[in-house]
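Data from input-v3.pdb: PDB, C-alpha atoms and all ligand atoms
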ATOM      1  CA  MET A  42      -5.718   7.355  -0.533  1.00  0.00           C
ATOM      2  CA  VAL A  43      -7.281   4.024  -1.286  1.00  0.00           C
ATOM      3  CA  ALA A  44      -4.921   1.479  -2.856  1.00  0.00           C
ATOM      4  CA  GLY A  45      -5.957  -1.941  -4.108  1.00  0.00           C
ATOM      5  CA  ASN A  46      -3.413  -4.722  -3.691  1.00  0.00           C
ATOM      6  CA  TRP A  47      -4.561  -7.430  -6.049  1.00  0.00           C
ATOM      7  CA  LYS A  48      -1.837  -9.812  -4.863  1.00  0.00           C
ATOM      8  CA  MET A  49      -1.433 -12.888  -7.142  1.00  0.00           C
ATOM      9  CA  ASN A  50      -4.975 -12.819  -8.494  1.00  0.00           C
ATOM     10  CA  GLY A  51      -6.645 -12.123 -11.803  1.00  0.00           C
ATOM     11  CA  ASP A  52      -6.361 -12.896 -15.485  1.00  0.00           C
ATOM     12  CA  ILE A  53      -6.783 -10.844 -18.630  1.00  0.00           C
ATOM     13  CA  VAL A  54     -10.540 -11.273 -18.798  1.00  0.00           C
ATOM     14  CA  SER A  55     -11.387 -10.711 -15.127  1.00  0.00           C
ATOM     15  CA  ASN A  56      -8.924  -7.801 -14.873  1.00  0.00           C
ATOM     16  CA  GLU A  57     -10.586  -6.114 -17.808  1.00  0.00           C
ATOM     17  CA  ARG A  58     -13.939  -6.336 -16.082  1.00  0.00           C
ATOM     18  CA  LEU A  59     -12.545  -5.019 -12.805  1.00  0.00           C
ATOM     19  CA  LEU A  60     -10.537  -2.179 -14.349  1.00  0.00           C
ATOM     20  CA  ASN A  61     -13.475  -1.147 -16.457  1.00  0.00           C
ATOM     21  CA  ALA A  62     -15.855  -1.133 -13.492  1.00  0.00           C
ATOM     22  CA  VAL A  63     -13.463   0.844 -11.259  1.00  0.00           C
ATOM     23  CA  ARG A  64     -12.764   3.307 -14.025  1.00  0.00           C
ATOM     24  CA  HIS A  65     -16.411   3.873 -14.884  1.00  0.00           C
ATOM     25  CA  GLY A  66     -17.457   3.939 -11.251  1.00  0.00           C
ATOM     26  CA  LEU A  67     -15.053   6.780 -10.552  1.00  0.00           C
ATOM     27  CA  GLU A  68     -15.677   8.605 -13.826  1.00  0.00           C
ATOM     28  CA  GLY A  69     -19.414   8.553 -13.135  1.00  0.00           C
ATOM     29  CA  ALA A  70     -19.002   9.829  -9.577  1.00  0.00           C
ATOM     30  CA  PRO A  71     -15.568  11.393  -9.133  1.00  0.00           C
ATOM     31  CA  LEU A  72     -14.134  11.544  -5.629  1.00  0.00           C
ATOM     32  CA  PRO A  73     -12.044  14.693  -5.418  1.00  0.00           C
ATOM     33  CA  GLY A  74      -9.546  14.531  -2.603  1.00  0.00           C
ATOM     34  CA  VAL A  75      -9.156  10.745  -2.762  1.00  0.00           C
ATOM     35  CA  ASP A  76      -6.173   9.254  -4.607  1.00  0.00           C
ATOM     36  CA  VAL A  77      -7.217   5.859  -5.939  1.00  0.00           C
ATOM     37  CA  LEU A  78      -4.790   3.319  -7.288  1.00  0.00           C
ATOM     38  CA  VAL A  79      -4.676  -0.350  -8.155  1.00  0.00           C
ATOM     39  CA  CYS A  80      -1.667  -2.638  -7.922  1.00  0.00           C
ATOM     40  CA  PRO A  81      -2.055  -5.654 -10.223  1.00  0.00           C
ATOM     41  CA  PRO A  82       0.589  -8.368 -10.641  1.00  0.00           C
ATOM     42  CA  PHE A  83       3.555  -7.379 -12.836  1.00  0.00           C
ATOM     43  CA  PRO A  84       2.339  -9.069 -16.065  1.00  0.00           C
ATOM     44  CA  TYR A  85      -0.840  -6.999 -16.010  1.00  0.00           C
ATOM     45  CA  LEU A  86       0.673  -3.548 -15.444  1.00  0.00           C
ATOM     46  CA  SER A  87       0.453  -2.810 -19.168  1.00  0.00           C
ATOM     47  CA  GLN A  88      -3.192  -3.823 -19.115  1.00  0.00           C
ATOM     48  CA  ALA A  89      -3.796  -1.407 -16.236  1.00  0.00           C
ATOM     49  CA  ALA A  90      -1.966   1.283 -18.169  1.00  0.00           C
ATOM     50  CA  SER A  91      -4.165   0.841 -21.214  1.00  0.00           C
ATOM     51  CA  TRP A  92      -7.411   0.867 -19.210  1.00  0.00           C
ATOM     52  CA  LEU A  93      -6.505   3.581 -16.749  1.00  0.00           C
ATOM     53  CA  GLY A  94      -4.286   5.898 -18.812  1.00  0.00           C
ATOM     54  CA  ASN A  95      -5.821   9.393 -18.914  1.00  0.00           C
ATOM     55  CA  THR A  96      -8.101   8.660 -15.960  1.00  0.00           C
ATOM     56  CA  ALA A  97      -7.820   9.747 -12.348  1.00  0.00           C
ATOM     57  CA  VAL A  98      -7.019   6.189 -11.256  1.00  0.00           C
ATOM     58  CA  ALA A  99      -3.306   5.437 -10.902  1.00  0.00           C
ATOM     59  CA  TRP A 100      -1.615   2.047 -11.030  1.00  0.00           C
ATOM     60  CA  GLY A 101       1.361   0.691  -9.207  1.00  0.00           C
ATOM     61  CA  ALA A 102       3.305  -2.493  -8.527  1.00  0.00           C
ATOM     62  CA  GLN A 103       3.356  -4.810  -5.543  1.00  0.00           C
ATOM     63  CA  ASN A 104       7.111  -5.139  -5.336  1.00  0.00           C
ATOM     64  CA  VAL A 105      10.355  -3.869  -6.848  1.00  0.00           C
ATOM     65  CA  SER A 106      13.894  -5.144  -7.037  1.00  0.00           C
ATOM     66  CA  ALA A 107      16.537  -3.849  -4.636  1.00  0.00           C
ATOM     67  CA  PHE A 108      18.946  -3.788  -7.599  1.00  0.00           C
ATOM     68  CA  PRO A 109      19.039  -1.421 -10.569  1.00  0.00           C
ATOM     69  CA  ASN A 110      19.417  -3.940 -13.428  1.00  0.00           C
ATOM     70  CA  GLY A 111      21.414  -6.946 -14.532  1.00  0.00           C
ATOM     71  CA  ALA A 112      21.659 -10.627 -13.650  1.00  0.00           C
ATOM     72  CA  TYR A 113      18.729 -10.882 -11.220  1.00  0.00           C
ATOM     73  CA  THR A 114      16.523 -13.529 -12.765  1.00  0.00           C
ATOM     74  CA  GLY A 115      12.849 -13.013 -12.044  1.00  0.00           C
ATOM     75  CA  GLU A 116      13.262  -9.518 -10.645  1.00  0.00           C
ATOM     76  CA  VAL A 117      11.599  -6.320 -11.900  1.00  0.00           C
ATOM     77  CA  SER A 118      13.442  -3.018 -11.612  1.00  0.00           C
ATOM     78  CA  ALA A 119      12.148   0.387 -10.594  1.00  0.00           C
ATOM     79  CA  THR A 120      13.150   1.673 -14.035  1.00  0.00           C
ATOM     80  CA  MET A 121      10.844  -0.881 -15.651  1.00  0.00           C
ATOM     81  CA  LEU A 122       7.976   0.131 -13.385  1.00  0.00           C
ATOM     82  CA  ALA A 123       8.456   3.782 -14.260  1.00  0.00           C
ATOM     83  CA  ASP A 124       8.612   2.793 -17.928  1.00  0.00           C
ATOM     84  CA  LEU A 125       5.191   1.114 -17.535  1.00  0.00           C
ATOM     85  CA  GLY A 126       3.682   4.283 -16.142  1.00  0.00           C
ATOM     86  CA  CYS A 127       3.568   3.156 -12.515  1.00  0.00           C
ATOM     87  CA  ARG A 128       3.445   6.042 -10.106  1.00  0.00           C
ATOM     88  CA  TRP A 129       3.541   3.896  -6.972  1.00  0.00           C
ATOM     89  CA  VAL A 130       5.025   0.721  -5.617  1.00  0.00           C
ATOM     90  CA  ILE A 131       4.188  -1.258  -2.492  1.00  0.00           C
ATOM     91  CA  VAL A 132       7.333  -2.164  -0.569  1.00  0.00           C
ATOM     92  CA  GLY A 133       7.774  -4.517   2.385  1.00  0.00           C
ATOM     93  CA  HIS A 134       4.325  -6.113   2.385  1.00  0.00           C
ATOM     94  CA  SER A 135       4.175  -8.627   5.249  1.00  0.00           C
ATOM     95  CA  GLU A 136       3.696 -11.471   2.782  1.00  0.00           C
ATOM     96  CA  ARG A 137       7.038 -10.566   1.244  1.00  0.00           C
ATOM     97  CA  ARG A 138       8.689 -10.100   4.610  1.00  0.00           C
ATOM     98  CA  GLN A 139       7.380 -13.498   5.726  1.00  0.00           C
ATOM     99  CA  LEU A 140       7.413 -15.591   2.548  1.00  0.00           C
ATOM    100  CA  SER A 141      10.416 -14.083   0.782  1.00  0.00           C
ATOM    101  CA  GLY A 142      12.527 -13.183   3.800  1.00  0.00           C
ATOM    102  CA  GLU A 143      12.612  -9.454   3.120  1.00  0.00           C
ATOM    103  CA  THR A 144      14.476  -7.802   5.967  1.00  0.00           C
ATOM    104  CA  ASP A 145      14.211  -4.167   7.029  1.00  0.00           C
ATOM    105  CA  GLN A 146      17.477  -3.560   5.156  1.00  0.00           C
ATOM    106  CA  VAL A 147      16.137  -5.069   1.942  1.00  0.00           C
ATOM    107  CA  VAL A 148      12.968  -2.985   2.292  1.00  0.00           C
ATOM    108  CA  ALA A 149      15.073   0.170   2.695  1.00  0.00           C
ATOM    109  CA  ALA A 150      17.139  -0.731  -0.389  1.00  0.00           C
ATOM    110  CA  LYS A 151      13.949  -1.235  -2.421  1.00  0.00           C
ATOM    111  CA  VAL A 152      12.558   2.095  -1.266  1.00  0.00           C
ATOM    112  CA  GLU A 153      15.796   3.755  -2.354  1.00  0.00           C
ATOM    113  CA  MET A 154      15.568   2.196  -5.827  1.00  0.00           C
ATOM    114  CA  ALA A 155      11.943   3.268  -6.231  1.00  0.00           C
ATOM    115  CA  LEU A 156      12.639   6.824  -5.173  1.00  0.00           C
ATOM    116  CA  ALA A 157      15.533   7.103  -7.600  1.00  0.00           C
ATOM    117  CA  GLN A 158      12.961   6.541 -10.372  1.00  0.00           C
ATOM    118  CA  ASN A 159      10.543   9.092  -8.924  1.00  0.00           C
ATOM    119  CA  LEU A 160       8.037   6.471  -7.872  1.00  0.00           C
ATOM    120  CA  GLY A 161       5.941   7.028  -4.771  1.00  0.00           C
ATOM    121  CA  VAL A 162       6.369   4.322  -2.139  1.00  0.00           C
ATOM    122  CA  ILE A 163       3.792   2.591   0.053  1.00  0.00           C
ATOM    123  CA  VAL A 164       5.890   1.119   2.827  1.00  0.00           C
ATOM    124  CA  CYS A 165       4.103  -1.620   4.776  1.00  0.00           C
ATOM    125  CA  VAL A 166       4.719  -2.160   8.450  1.00  0.00           C
ATOM    126  CA  GLY A 167       2.908  -4.328  10.958  1.00  0.00           C
ATOM    127  CA  GLU A 168       3.265  -6.730  13.834  1.00  0.00           C
ATOM    128  CA  THR A 169       2.294 -10.395  14.024  1.00  0.00           C
ATOM    129  CA  LEU A 170      -0.262 -11.651  16.527  1.00  0.00           C
ATOM    130  CA  GLN A 171       2.501 -13.222  18.578  1.00  0.00           C
ATOM    131  CA  GLU A 172       4.352  -9.914  18.716  1.00  0.00           C
ATOM    132  CA  ARG A 173       1.206  -8.021  19.731  1.00  0.00           C
ATOM    133  CA  GLU A 174       0.365 -10.527  22.423  1.00  0.00           C
ATOM    134  CA  ALA A 175       3.903 -10.309  23.725  1.00  0.00           C
ATOM    135  CA  GLY A 176       3.529  -6.519  24.039  1.00  0.00           C
ATOM    136  CA  GLN A 177       6.066  -5.940  21.255  1.00  0.00           C
ATOM    137  CA  ALA A 178       3.862  -4.231  18.671  1.00  0.00           C
ATOM    138  CA  GLU A 179       5.418  -0.780  19.094  1.00  0.00           C
ATOM    139  CA  ALA A 180       8.954  -2.175  19.191  1.00  0.00           C
ATOM    140  CA  VAL A 181       8.348  -3.942  15.867  1.00  0.00           C
ATOM    141  CA  LEU A 182       6.661  -0.938  14.231  1.00  0.00           C
ATOM    142  CA  GLY A 183       9.409   1.342  15.517  1.00  0.00           C
ATOM    143  CA  ARG A 184      12.132  -0.877  14.081  1.00  0.00           C
ATOM    144  CA  GLN A 185      10.390  -1.131  10.698  1.00  0.00           C
ATOM    145  CA  VAL A 186       9.816   2.633  10.498  1.00  0.00           C
ATOM    146  CA  ASP A 187      13.348   3.489  11.656  1.00  0.00           C
ATOM    147  CA  ALA A 188      14.799   1.344   8.851  1.00  0.00           C
ATOM    148  CA  VAL A 189      13.298   3.536   6.117  1.00  0.00           C
ATOM    149  CA  VAL A 190      13.543   6.979   7.713  1.00  0.00           C
ATOM    150  CA  PRO A 191      17.145   7.642   6.570  1.00  0.00           C
ATOM    151  CA  VAL A 192      16.192   6.761   2.977  1.00  0.00           C
ATOM    152  CA  VAL A 193      13.069   8.946   2.884  1.00  0.00           C
ATOM    153  CA  ALA A 194      14.442  11.801   4.980  1.00  0.00           C
ATOM    154  CA  LYS A 195      14.310  14.353   2.166  1.00  0.00           C
ATOM    155  CA  LEU A 196      11.252  12.976   0.406  1.00  0.00           C
ATOM    156  CA  ALA A 197       8.167  15.147  -0.094  1.00  0.00           C
ATOM    157  CA  PRO A 198       5.256  13.765   1.955  1.00  0.00           C
ATOM    158  CA  GLU A 199       3.145  13.386  -1.206  1.00  0.00           C
ATOM    159  CA  ARG A 200       5.406  10.532  -2.300  1.00  0.00           C
ATOM    160  CA  LEU A 201       5.690   8.703   0.990  1.00  0.00           C
ATOM    161  CA  VAL A 202       2.842   6.543   2.244  1.00  0.00           C
ATOM    162  CA  ILE A 203       3.050   4.182   5.192  1.00  0.00           C
ATOM    163  CA  ALA A 204       0.597   1.292   5.411  1.00  0.00           C
ATOM    164  CA  TYR A 205      -0.025  -0.089   8.872  1.00  0.00           C
ATOM    165  CA  GLU A 206      -1.080  -3.678   8.333  1.00  0.00           C
ATOM    166  CA  PRO A 207      -1.251  -5.834  11.420  1.00  0.00           C
ATOM    167  CA  VAL A 208      -0.321  -9.251  10.066  1.00  0.00           C
ATOM    168  CA  TRP A 209      -3.091 -10.927  12.075  1.00  0.00           C
ATOM    169  CA  ALA A 210      -5.706  -8.816  10.280  1.00  0.00           C
ATOM    170  CA  ILE A 211      -4.596  -9.482   6.706  1.00  0.00           C
ATOM    171  CA  GLY A 212      -6.962 -11.744   4.817  1.00  0.00           C
ATOM    172  CA  THR A 213      -8.392 -13.073   8.079  1.00  0.00           C
ATOM    173  CA  GLY A 214     -11.625 -11.111   8.306  1.00  0.00           C
ATOM    174  CA  ARG A 215     -10.334  -9.850  11.649  1.00  0.00           C
ATOM    175  CA  THR A 216      -9.945  -6.072  11.582  1.00  0.00           C
ATOM    176  CA  ALA A 217      -8.130  -3.929  14.123  1.00  0.00           C
ATOM    177  CA  SER A 218     -10.613  -1.747  15.966  1.00  0.00           C
ATOM    178  CA  PRO A 219     -10.521   1.880  14.835  1.00  0.00           C
ATOM    179  CA  GLU A 220      -9.071   2.831  18.231  1.00  0.00           C
ATOM    180  CA  MET A 221      -6.340   0.206  18.081  1.00  0.00           C
ATOM    181  CA  ALA A 222      -5.447   1.216  14.535  1.00  0.00           C
ATOM    182  CA  GLN A 223      -5.474   4.900  15.513  1.00  0.00           C
ATOM    183  CA  ASP A 224      -3.009   4.203  18.335  1.00  0.00           C
ATOM    184  CA  ALA A 225      -0.661   2.428  15.940  1.00  0.00           C
ATOM    185  CA  HIS A 226      -0.948   5.179  13.328  1.00  0.00           C
ATOM    186  CA  SER A 227      -0.283   7.874  15.857  1.00  0.00           C
ATOM    187  CA  PHE A 228       2.741   5.926  17.112  1.00  0.00           C
ATOM    188  CA  ILE A 229       4.060   5.572  13.536  1.00  0.00           C
ATOM    189  CA  ARG A 230       3.629   9.295  12.840  1.00  0.00           C
ATOM    190  CA  GLY A 231       5.427  10.143  16.048  1.00  0.00           C
ATOM    191  CA  ARG A 232       8.231   7.757  15.227  1.00  0.00           C
ATOM    192  CA  LEU A 233       8.716   9.294  11.767  1.00  0.00           C
ATOM    193  CA  ALA A 234       8.955  12.711  13.401  1.00  0.00           C
ATOM    194  CA  ALA A 235      11.319  11.468  16.124  1.00  0.00           C
ATOM    195  CA  GLY A 236      13.540   9.961  13.429  1.00  0.00           C
ATOM    196  CA  GLY A 237      13.879  13.379  11.821  1.00  0.00           C
ATOM    197  CA  TYR A 238      11.235  13.213   9.087  1.00  0.00           C
ATOM    198  CA  ALA A 239      10.113  16.806   9.198  1.00  0.00           C
ATOM    199  CA  ALA A 240       6.856  16.373   7.248  1.00  0.00           C
ATOM    200  CA  ALA A 241       5.566  13.482   9.385  1.00  0.00           C
ATOM    201  CA  GLY A 242       2.369  15.423  10.087  1.00  0.00           C
ATOM    202  CA  SER A 243       1.305  15.309   6.439  1.00  0.00           C
ATOM    203  CA  VAL A 244       2.381  11.789   5.470  1.00  0.00           C
ATOM    204  CA  ARG A 245      -0.554   9.553   4.624  1.00  0.00           C
ATOM    205  CA  ILE A 246      -0.763   6.507   6.845  1.00  0.00           C
ATOM    206  CA  LEU A 247      -3.109   3.854   5.448  1.00  0.00           C
ATOM    207  CA  TYR A 248      -4.689   1.057   7.416  1.00  0.00           C
ATOM    208  CA  GLY A 249      -4.727  -2.405   5.863  1.00  0.00           C
ATOM    209  CA  GLY A 250      -6.226  -5.634   7.126  1.00  0.00           C
ATOM    210  CA  SER A 251      -9.671  -6.920   6.165  1.00  0.00           C
ATOM    211  CA  VAL A 252     -11.054  -3.485   5.260  1.00  0.00           C
ATOM    212  CA  LYS A 253     -14.504  -3.812   3.676  1.00  0.00           C
ATOM    213  CA  SER A 254     -17.032  -1.226   2.568  1.00  0.00           C
ATOM    214  CA  ALA A 255     -18.929  -1.916   5.819  1.00  0.00           C
ATOM    215  CA  ASN A 256     -16.052  -1.096   8.196  1.00  0.00           C
ATOM    216  CA  ALA A 257     -14.106   1.462   6.146  1.00  0.00           C
ATOM    217  CA  ALA A 258     -15.958   4.562   7.342  1.00  0.00           C
ATOM    218  CA  SER A 259     -15.315   3.933  11.038  1.00  0.00           C
ATOM    219  CA  LEU A 260     -11.610   3.356  10.384  1.00  0.00           C
ATOM    220  CA  PHE A 261     -11.245   6.386   8.102  1.00  0.00           C
ATOM    221  CA  ALA A 262     -12.964   8.584  10.690  1.00  0.00           C
ATOM    222  CA  MET A 263      -9.924   8.313  12.953  1.00  0.00           C
ATOM    223  CA  PRO A 264      -7.634  11.356  12.812  1.00  0.00           C
ATOM    224  CA  ASP A 265      -4.432   9.520  11.836  1.00  0.00           C
ATOM    225  CA  ILE A 266      -5.990   7.063   9.384  1.00  0.00           C
ATOM    226  CA  ASP A 267      -5.622   8.581   5.943  1.00  0.00           C
ATOM    227  CA  GLY A 268      -7.063   5.788   3.832  1.00  0.00           C
ATOM    228  CA  GLY A 269      -6.670   2.085   3.233  1.00  0.00           C
ATOM    229  CA  LEU A 270      -4.557  -0.574   1.564  1.00  0.00           C
ATOM    230  CA  ILE A 271      -7.106  -3.103   0.426  1.00  0.00           C
ATOM    231  CA  GLY A 272      -6.519  -6.758  -0.434  1.00  0.00           C
ATOM    232  CA  GLY A 273      -9.512  -9.061  -0.904  1.00  0.00           C
ATOM    233  CA  ALA A 274     -12.110  -6.304  -1.247  1.00  0.00           C
ATOM    234  CA  ALA A 275     -10.098  -4.698  -4.057  1.00  0.00           C
ATOM    235  CA  LEU A 276     -10.993  -7.627  -6.306  1.00  0.00           C
ATOM    236  CA  VAL A 277     -14.698  -6.794  -6.272  1.00  0.00           C
ATOM    237  CA  ALA A 278     -15.416  -3.484  -7.984  1.00  0.00           C
ATOM    238  CA  GLU A 279     -18.454  -2.535  -5.891  1.00  0.00           C
ATOM    239  CA  ASP A 280     -16.642  -3.291  -2.620  1.00  0.00           C
ATOM    240  CA  PHE A 281     -13.574  -1.346  -3.694  1.00  0.00           C
ATOM    241  CA  LEU A 282     -15.643   1.613  -4.890  1.00  0.00           C
ATOM    242  CA  GLY A 283     -17.586   1.556  -1.617  1.00  0.00           C
ATOM    243  CA  ILE A 284     -14.319   1.871   0.296  1.00  0.00           C
ATOM    244  CA  CYS A 285     -13.214   4.732  -1.980  1.00  0.00           C
ATOM    245  CA  ARG A 286     -16.496   6.510  -1.273  1.00  0.00           C
ATOM    246  CA  ALA A 287     -16.008   6.010   2.474  1.00  0.00           C
ATOM    247  CA  ALA A 288     -12.646   7.778   2.164  1.00  0.00           C
ATOM    248  CA  ALA A 289     -14.306  10.716   0.408  1.00  0.00           C
ATOM    249  CA  VAL A 290     -16.716  11.453   3.257  1.00  0.00           C
ATOM    250  CA  ARG A 291     -13.996  11.267   5.899  1.00  0.00           C
TER
HETATM  251  C1  LIG A 301      -3.215  -6.662   2.138  1.00  0.00           C
HETATM  252  O1  LIG A 301      -2.754  -7.734   1.821  1.00  0.00           O
HETATM  253  O2  LIG A 301      -2.544  -5.642   1.927  1.00  0.00           O
HETATM  254  C2  LIG A 301      -4.532  -6.635   2.758  1.00  0.00           C
HETATM  255  C3  LIG A 301      -4.853  -5.604   3.477  1.00  0.00           C
HETATM  256  O3  LIG A 301      -5.376  -7.716   2.557  1.00  0.00           O
HETATM  257  P1  LIG A 301      -6.901  -7.883   3.049  1.00  0.00           P
HETATM  258  O4  LIG A 301      -7.598  -6.580   2.787  1.00  0.00           O
HETATM  259  O5  LIG A 301      -7.427  -8.999   2.220  1.00  0.00           O
HETATM  260  O6  LIG A 301      -6.841  -8.194   4.505  1.00  0.00           O
END

Whole structure given in structure tokens:
Amino acid sequence: MVAGNWKMNGDIVSNERLLNAVRHGLEGAPLPGVDVLVCPPFPYLSQAASWLGNTAVAWGAQNVSAFPNGAYTGEVSATMLADLGCRWVIVGHSERRQLSGETDQVVAAKVEMALAQNLGVIVCVGETLQEREAGQAEAVLGRQVDAVVPVVAKLAPERLVIAYEPVWAIGTGRTASPEMAQDAHSFIRGRLAAGGYAAAGSVRILYGGSVKSANAASLFAMPDIDGGLIGGAALVAEDFLGICRAAAVR
């Protein structure tokens, strides 16, 4: 899987160009075996739906409310996302954990809401530089994974994706080495299994953090790296398509 996280970028005109280029790029040279999706900001989900409907490219959201509906000003519910044709939602991105104070419990509640609407979830986990340097990376990843395992326990592996995104690699141009990322992915898979998630072996674990078309192939070659969650490079069609192609030759 290659998922583009557009974050808070884009406008109607530039989105149209990007969606069109991604769509045509993949229609012209389909990549069987690679699930491609884009996650624009909420106001542009309908635009994604009209450009990508009836294509192999899926669209999803970057966040979802932990509540079903009601007096939650500014929130967007899982029901609304499903209504807009989203098949996926990113939950617990580090920017939300850090900037919006999302705790492991909030992330688990959001995952539960998304699953109730049959959305697939991309659950982000990752340690900060300080945590890595203090030798706490596995403790942090373990805690973040453990928080969602009870909620996803019965979920088919096709609908559960974990994104390992070391916070120090996001938007910094600093990528984890393939070996370092592989170690983290293997730890995460083991932790899912230890927590009782029977299908841990087939869950896709994406790497995220300054993935570019130039470094994607070496990351995707690792046995436990099943694709990428892409930020900056997802805003440039040729870069994003290059990463998708790297996933296809894995
Ligand atoms: C992200 O925010 O999910 C991300 C991976 O960003 P970037 O690719 O820009 O590091």

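Atom pair atom CA of A:Gly183 / atom CA of A:Leu201: separated by 16.7 Å.
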
Show me, as a list in words, the residues that have an atom within 8 Å of A:Ala44 when counting all atoms listed in the file, minus same-chain residues fewer than 4 positions from it. Val77, Leu78, Val79, Cys80, Gly269, Leu270 and Ile271 of chain A

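Taking all atoms listed in the file into account, those protein, DNA and RNA residues with any atom at most 10 Å away from (18.1, -3.0, -0.8) amount to A:Val105, A:Ser106, A:Ala107, A:Phe108, A:Pro109, A:Glu143, A:Thr144, A:Asp145, A:Gln146, A:Val147, A:Val148, A:Ala149, A:Ala150, A:Lys151, A:Val152, A:Glu153, A:Met154.
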
Expected answer as a count of residues only: residues within 10 Å of ligand LIG 301 (chain A), all atoms listed in the file: 39

Set the distance at 10 Å and use only C-alpha atoms: which residues neighbour stretch 98-101 of chain A once local chain neighbours fewer than 3 positions away are removed? I'd like the list as a tab-separated table (two decimals) with C-alpha atoms, keeping the file's coordinate frame.
chain	number	residue	atom	x	y	z
A	44	ALA	CA	-4.92	1.48	-2.86
A	45	GLY	CA	-5.96	-1.94	-4.11
A	46	ASN	CA	-3.41	-4.72	-3.69
A	60	LEU	CA	-10.54	-2.18	-14.35
A	63	VAL	CA	-13.46	0.84	-11.26
A	64	ARG	CA	-12.76	3.31	-14.02
A	67	LEU	CA	-15.05	6.78	-10.55
A	68	GLU	CA	-15.68	8.60	-13.83
A	75	VAL	CA	-9.16	10.74	-2.76
A	76	ASP	CA	-6.17	9.25	-4.61
A	77	VAL	CA	-7.22	5.86	-5.94
A	78	LEU	CA	-4.79	3.32	-7.29
A	79	VAL	CA	-4.68	-0.35	-8.15
A	80	CYS	CA	-1.67	-2.64	-7.92
A	81	PRO	CA	-2.06	-5.65	-10.22
A	82	PRO	CA	0.59	-8.37	-10.64
A	83	PHE	CA	3.56	-7.38	-12.84
A	86	LEU	CA	0.67	-3.55	-15.44
A	87	SER	CA	0.45	-2.81	-19.17
A	89	ALA	CA	-3.80	-1.41	-16.24
A	90	ALA	CA	-1.97	1.28	-18.17
A	92	TRP	CA	-7.41	0.87	-19.21
A	93	LEU	CA	-6.50	3.58	-16.75
A	94	GLY	CA	-4.29	5.90	-18.81
A	95	ASN	CA	-5.82	9.39	-18.91
A	104	ASN	CA	7.11	-5.14	-5.34
A	122	LEU	CA	7.98	0.13	-13.38
A	123	ALA	CA	8.46	3.78	-14.26
A	125	LEU	CA	5.19	1.11	-17.54
A	126	GLY	CA	3.68	4.28	-16.14
A	127	CYS	CA	3.57	3.16	-12.52
A	128	ARG	CA	3.44	6.04	-10.11
A	129	TRP	CA	3.54	3.90	-6.97
A	130	VAL	CA	5.03	0.72	-5.62
A	131	ILE	CA	4.19	-1.26	-2.49
A	160	LEU	CA	8.04	6.47	-7.87
A	161	GLY	CA	5.94	7.03	-4.77
A	162	VAL	CA	6.37	4.32	-2.14
A	163	ILE	CA	3.79	2.59	0.05

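In this comparison, which uses all atoms listed in the file, the residue of A:Val132, A:Val244, A:Ala217, A:Ala258 approaching A:Val189 most closely is A:Val132.
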
Please determine, counting all atoms listed in the file, which residue among A:Val202, A:Arg184, A:Ser243, A:Ala262 has the shortest atom-to-atom distance to A:Ala222. A:Ala262

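The nearest approach to A:Gly167 among the residues A:Leu260, A:Ala194, A:Val181, A:Ala288, with all atoms listed in the file taken into account, belongs to A:Val181.
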
Taking only C-alpha atoms into account, name the residue in A:Ala287, A:Ala188, A:Ala241, A:Leu72 that is nearest to A:Ala255. A:Ala287

Min atom-atom distance to A:Ala289 from the set A:Gly66, A:Gly74, A:Gly142, A:Gly51, counting all atoms listed in the file, belongs to A:Gly74

What is the distance between atom CA of A:Val190 and atom CA of A:Ala239, in Å to one decimal? 10.5 Å

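What separates atom CA of A:Gln223 from atom CA of A:Gly268 is a distance of 11.8 Å.
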
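Residues within 9 Å of A:Arg230, counting all atoms listed in the file and excluding same-chain residues fewer than 2 positions away, are Ala225, His226, Ser227, Phe228, Arg232, Leu233, Ala234, Ala235, Ala241, Gly242, Val244, Ile246 and Asp265 of chain A.
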
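Compared by their closest atoms to A:Leu59, and using all atoms listed in the file, the residues A:Leu182, A:Met221, A:Gln88, A:Pro71 rank with A:Gln88 nearest.
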
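Taking only C-alpha atoms into account, those protein, DNA and RNA residues with any atom at most 6 Å away from (-13.8, 0.6, 1.6) amount to A:Lys253, A:Ser254, A:Ala257, A:Phe281, A:Gly283, A:Ile284, A:Cys285, A:Ala287.
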
Could the centre and edge lengths of an axis-aligned box, enclosing all atoms of stretch 108-111 of chain A in the file with 4 Å extra on each side, be given in Å to one decimal as AutoDock Vina command-line options?
--center_x 20.2 --center_y -4.2 --center_z -11.1 --size_x 10.5 --size_y 13.5 --size_z 14.9

With a distance cut-off of 10 Å and only C-alpha atoms, select the neighbouring residues of A:Ala62, excluding the residue or stretch itself and same-chain residues fewer than 6 positions from it, and output the selection as a ChimeraX atom specification. /A:56,68,277-279,282

Filled-in N, CA and C atoms of stretch 233-237 of chain A, supplied as an mmCIF file, keeping the file's coordinate frame:
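Written out: result38.cif:
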data_model
loop_
_atom_site.group_PDB
_atom_site.id
_atom_site.type_symbol
_atom_site.label_atom_id
_atom_site.label_comp_id
_atom_site.auth_asym_id
_atom_site.auth_seq_id
_atom_site.Cartn_x
_atom_site.Cartn_y
_atom_site.Cartn_z
ATOM 1 N N LEU A 233 8.139 8.633 12.956
ATOM 2 C CA LEU A 233 8.716 9.294 11.767
ATOM 3 C C LEU A 233 9.296 10.650 12.173
ATOM 4 N N ALA A 234 8.513 11.379 12.969
ATOM 5 C CA ALA A 234 8.955 12.711 13.401
ATOM 6 C C ALA A 234 10.196 12.593 14.281
ATOM 7 N N ALA A 235 10.179 11.631 15.204
ATOM 8 C CA ALA A 235 11.319 11.468 16.124
ATOM 9 C C ALA A 235 12.576 11.084 15.355
ATOM 10 N N GLY A 236 12.387 10.367 14.234
ATOM 11 C CA GLY A 236 13.540 9.961 13.429
ATOM 12 C C GLY A 236 14.082 11.094 12.572
ATOM 13 N N GLY A 237 13.378 12.226 12.560
ATOM 14 C CA GLY A 237 13.879 13.379 11.821
ATOM 15 C C GLY A 237 13.131 13.637 10.526
#
